[in-house]
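Printed here is model04.csv (CSV, C-alpha atoms):
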```csv
chain,number,residue,atom,x,y,z
A,1,MET,CA,-25.1,-6.4,38.6
A,2,SER,CA,-23.9,-8.0,35.4
A,3,ASP,CA,-23.3,-6.4,32.0
A,4,ASP,CA,-26.6,-7.8,30.7
A,5,GLN,CA,-28.8,-6.1,33.4
A,6,ALA,CA,-30.5,-2.8,32.8
A,7,LEU,CA,-28.8,0.2,34.3
A,8,THR,CA,-30.8,3.0,36.0
A,9,GLY,CA,-29.1,6.2,34.9
A,10,PRO,CA,-29.8,7.9,31.6
A,11,GLY,CA,-26.9,7.6,29.1
A,12,THR,CA,-25.3,4.8,31.1
A,13,GLN,CA,-23.7,2.2,28.9
A,14,THR,CA,-22.5,-1.3,29.8
A,15,ARG,CA,-18.9,-2.5,29.2
A,16,ARG,CA,-20.2,-4.8,26.4
A,17,THR,CA,-21.9,-1.9,24.6
A,18,LEU,CA,-18.8,0.2,24.8
A,19,LEU,CA,-16.5,-2.6,23.5
A,20,THR,CA,-19.0,-3.4,20.7
A,21,GLY,CA,-18.9,0.3,19.6
A,22,VAL,CA,-15.1,0.4,19.7
A,23,GLY,CA,-15.0,-2.8,17.6
A,24,ALA,CA,-17.4,-1.4,15.1
A,25,VAL,CA,-15.3,1.8,14.7
A,26,GLY,CA,-12.1,-0.3,14.3
A,27,ALA,CA,-13.7,-2.5,11.6
A,28,ALA,CA,-14.9,0.6,9.7
A,29,VAL,CA,-11.4,2.1,9.8
A,30,VAL,CA,-9.9,-1.2,8.5
A,31,LEU,CA,-12.5,-1.5,5.7
A,32,ALA,CA,-12.0,2.1,4.7
A,33,ALA,CA,-8.3,1.5,4.4
A,34,CYS,CA,-8.9,-1.5,2.2
A,35,GLY,CA,-10.7,0.5,-0.5
A,36,SER,CA,-10.7,-0.5,-4.1
A,37,ASP,CA,-7.6,-0.4,-6.4
A,38,ASP,CA,-9.4,0.5,-9.6
A,39,GLY,CA,-6.3,2.1,-11.1
A,40,ASN,CA,-7.9,5.4,-11.9
A,41,GLY,CA,-5.3,7.4,-10.0
A,42,SER,CA,-7.8,9.1,-7.8
A,43,ALA,CA,-5.7,8.6,-4.7
A,44,ALA,CA,-2.0,7.8,-4.1
A,45,PRO,CA,-1.3,5.2,-1.4
A,46,THR,CA,1.0,6.2,1.4
A,47,SER,CA,2.8,4.4,4.1
A,48,GLY,CA,1.1,5.0,7.4
A,49,GLY,CA,-1.1,7.9,6.3
A,50,PRO,CA,-4.3,8.6,4.5
A,51,ALA,CA,-4.6,8.6,0.8
A,52,VAL,CA,-3.6,11.8,-1.0
A,53,PRO,CA,-6.3,12.8,-3.4
A,54,SER,CA,-5.3,13.8,-6.9
A,55,THR,CA,-6.8,17.1,-7.7
A,56,GLY,CA,-5.6,17.4,-11.2
A,57,ASP,CA,-4.0,20.8,-10.6
A,58,ALA,CA,-0.6,19.1,-10.1
A,59,GLY,CA,0.1,21.3,-7.1
A,60,GLY,CA,2.1,23.9,-9.1
A,61,GLY,CA,0.5,27.0,-7.5
A,62,ASP,CA,3.7,29.1,-7.3
A,63,ARG,CA,5.3,27.9,-10.6
A,64,GLN,CA,4.7,29.3,-14.0
A,65,GLY,CA,1.5,27.7,-15.5
A,66,ALA,CA,-1.2,25.9,-13.4
A,67,GLN,CA,0.0,22.4,-14.5
A,68,SER,CA,3.7,22.8,-14.0
A,69,LEU,CA,5.3,20.2,-11.7
A,70,ALA,CA,8.9,21.2,-12.0
A,71,THR,CA,11.4,23.0,-14.3
A,72,THR,CA,13.9,21.1,-16.4
A,73,ALA,CA,16.6,22.6,-14.1
A,74,ASP,CA,15.0,20.9,-11.1
A,75,ILE,CA,15.7,17.4,-12.5
A,76,PRO,CA,19.4,16.4,-12.6
A,77,VAL,CA,20.9,14.6,-15.6
A,78,GLY,CA,21.3,10.9,-14.7
A,79,GLY,CA,18.9,11.4,-11.7
A,80,GLY,CA,15.5,12.5,-10.9
A,81,LYS,CA,13.0,13.8,-8.4
A,82,VAL,CA,10.2,12.2,-6.5
A,83,LEU,CA,7.1,14.4,-6.5
A,84,ALA,CA,4.9,12.2,-4.2
A,85,THR,CA,2.2,14.8,-3.7
A,86,ASP,CA,1.9,15.3,-7.4
A,87,GLY,CA,1.8,11.5,-8.0
A,88,VAL,CA,4.9,11.2,-10.2
A,89,VAL,CA,8.6,10.6,-10.3
A,90,ILE,CA,10.4,12.6,-13.0
A,91,THR,CA,13.8,11.4,-14.3
A,92,GLN,CA,16.3,12.7,-16.8
A,93,PRO,CA,18.3,9.6,-17.9
A,94,THR,CA,20.3,11.7,-20.5
A,95,ALA,CA,20.4,15.4,-21.1
A,96,GLY,CA,17.1,16.7,-22.4
A,97,GLN,CA,15.3,13.3,-22.1
A,98,PHE,CA,12.6,13.4,-19.4
A,99,LYS,CA,10.6,10.4,-18.2
A,100,GLY,CA,7.7,10.0,-15.7
A,101,PHE,CA,6.8,7.1,-13.5
A,102,SER,CA,4.4,6.2,-10.7
A,103,PRO,CA,5.8,7.0,-7.3
A,104,ILE,CA,4.4,3.8,-5.8
A,105,CYS,CA,6.6,0.7,-5.5
A,106,THR,CA,5.1,-2.4,-7.2
A,107,HIS,CA,6.2,-4.7,-4.4
A,108,GLN,CA,3.9,-3.7,-1.6
A,109,ASN,CA,2.6,-0.2,-2.6
A,110,CYS,CA,5.1,1.8,-0.5
A,111,PRO,CA,6.0,5.2,-1.9
A,112,VAL,CA,9.4,5.4,-3.5
A,113,THR,CA,11.6,7.8,-1.6
A,114,ASN,CA,14.5,9.0,-3.7
A,115,VAL,CA,16.4,8.9,-7.0
A,116,ASP,CA,20.1,8.1,-6.6
A,117,GLY,CA,22.8,6.2,-8.5
A,118,GLY,CA,20.7,5.9,-11.6
A,119,THR,CA,17.8,4.2,-9.8
A,120,ILE,CA,14.4,5.1,-8.3
A,121,ASN,CA,14.6,3.7,-4.8
A,122,CYS,CA,12.0,2.3,-2.4
A,123,THR,CA,13.4,2.1,1.1
A,124,CYS,CA,10.6,0.0,2.5
A,125,HIS,CA,12.1,-3.3,1.2
A,126,GLY,CA,15.0,-2.2,-1.0
A,127,SER,CA,13.5,-2.3,-4.5
A,128,LYS,CA,15.3,-0.3,-7.1
A,129,PHE,CA,14.0,0.7,-10.5
A,130,SER,CA,15.7,2.1,-13.7
A,131,ILE,CA,15.4,5.8,-14.3
A,132,GLU,CA,15.3,5.0,-18.1
A,133,ASP,CA,12.3,2.7,-18.3
A,134,GLY,CA,11.2,1.9,-14.7
A,135,SER,CA,12.3,-1.7,-15.0
A,136,VAL,CA,13.3,-3.6,-11.8
A,137,LYS,CA,17.1,-3.3,-11.1
A,138,ALA,CA,16.9,-4.9,-7.6
A,139,GLY,CA,14.0,-6.8,-5.9
A,140,PRO,CA,11.9,-7.8,-4.1
A,141,ALA,CA,9.7,-6.0,-6.6
A,142,THR,CA,9.1,-8.1,-9.8
A,143,LYS,CA,7.1,-5.6,-11.9
A,144,PRO,CA,8.4,-2.3,-13.3
A,145,LEU,CA,7.1,1.1,-12.2
A,146,PRO,CA,4.2,2.1,-14.4
A,147,PRO,CA,5.0,5.0,-16.7
A,148,LYS,CA,3.3,8.4,-16.3
A,149,GLU,CA,2.9,10.7,-19.3
A,150,ILE,CA,4.7,14.0,-18.9
A,151,LYS,CA,5.3,16.8,-21.3
A,152,VAL,CA,8.0,19.5,-21.4
A,153,THR,CA,7.0,23.0,-22.6
A,154,GLY,CA,9.9,25.3,-22.7
A,155,ASP,CA,11.5,24.7,-19.3
A,156,GLN,CA,8.3,23.6,-17.6
A,157,ILE,CA,7.4,19.9,-16.9
A,158,SER,CA,3.8,18.9,-16.4
A,159,LEU,CA,1.6,15.8,-16.6
A,160,ALA,CA,0.4,15.2,-20.1
```

Let's see the structure in the file written out as structure tokens.
Amino acid sequence: MSDDQALTGPGTQTRRTLLTGVGAVGAAVVLAACGSDDGNGSAAPTSGGPAVPSTGDAGGGDRQGAQSLATTADIPVGGGKVLATDGVVITQPTAGQFKGFSPICTHQNCPVTNVDGGTINCTCHGSKFSIEDGSVKAGPATKPLPPKEIKVTGDQISLA
């Protein structure tokens, strides 16, 4: 009996039907992963995982104030901290000066991984960005990290 012939049992599927179904599911997954990049910040791309929705509450459940991302003491002078789940990198280039940047590398949309040696670093391909203004310090990225508006209230840092 070939794949094109009718089968007698109820619920019996041919190999062709099964492979078509698997192909359709695979295509749906690929198309869903390709989603639009409308720049509204509704989801943060990740490397190898699903998008992380931005809920607007900044994930500061245990910190003072609902919008708090970190305290000023959490961000070292001359360094910074990647808060990927909150969708921001916070740096402190000089004492008391705090800056916010997107945590997504402008080269191939990998998340940046750390702040070290005065740069925000993406370990996917080695791009490095300035903690002062997000400008490219080392490629392959050619565009700076987009700024994120933050505000400091007392010792609490939140998205503006």

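Distances from A:Thr153, A:Gln67, A:Thr85, A:Thr123 to A:Ser102 were compared using all atoms listed in the file, and the smallest one belongs to A:Thr85.
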
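Atom CA of A:Val88 to atom CA of A:Phe101 spans 5.6 Å [interatomic distance, one decimal].
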
Pick out the residues sitting within 6 Å of A:Ser158, and hand them over as number ranges by chain; count only C-alpha atoms, and ignore anything fewer than 4 positions along from it in its own chain.
A: 67-69, 150-151

Interatomic distance (Å, one decimal) between atom CA of A:Asp86 and atom CA of A:Ala70
10.2 Å

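Using only C-alpha atoms, the nearest neighbour of A:Leu145 within the list A:Ala84, A:Ile131, A:Ile157, A:Cys105 is A:Cys105.
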
Could you please determine the separation between atom CA of A:Thr106 and atom CA of A:Pro144 in Å, to one decimal place?
6.9 Å

Selection near stretch 77-79 of chain A, 7 Å with only C-alpha atoms, sequence-local residues under 4 positions removed, as number ranges by chain
A: 91-95, 115-116, 118

Identify, on the basis of only C-alpha atoms, every residue whose closest approach to A:Asn114 does not exceed 7 Å; exclude the query and any residue fewer than 5 positions from it along the same chain; express the result as a short mmCIF file (atom, residue, chain, number, x, y, z; two decimals) with C-alpha atoms, in the frame of the given file.
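The resulting file, around27.cif, is shown below:
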```cif
data_model
loop_
_atom_site.label_atom_id
_atom_site.label_comp_id
_atom_site.auth_asym_id
_atom_site.auth_seq_id
_atom_site.Cartn_x
_atom_site.Cartn_y
_atom_site.Cartn_z
CA LYS A 81 13.00 13.80 -8.40
CA VAL A 82 10.20 12.20 -6.50
CA ILE A 120 14.40 5.10 -8.30
CA ASN A 121 14.60 3.70 -4.80
#
```

Kindly indicate which residue among A:Ile75, A:Val112, A:Cys124, A:Val136 lies nearest to A:Lys99, using all atoms listed in the file for the distances.
A:Ile75

For A:Pro103, which residue among A:Gly117, A:Gly134, A:Thr71, A:Thr142 is the nearest when counting all atoms listed in the file?
A:Gly134

List the neighbours of A:Glu149 out to 7 Å using only C-alpha atoms; skip same-chain residues closer than 4 positions along the sequence, and give me the result as a list in words.
Gly100, Leu159 and Ala160 of chain A

Shortest interatomic distance to A:Cys122 - which of A:Gly139, A:Pro147, A:Gly96, A:Pro76, counting all atoms listed in the file
A:Gly139

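Using only C-alpha atoms, the nearest neighbour of A:Ile90 within the list A:His125, A:Ser135, A:Gln108, A:Thr72 is A:Thr72.
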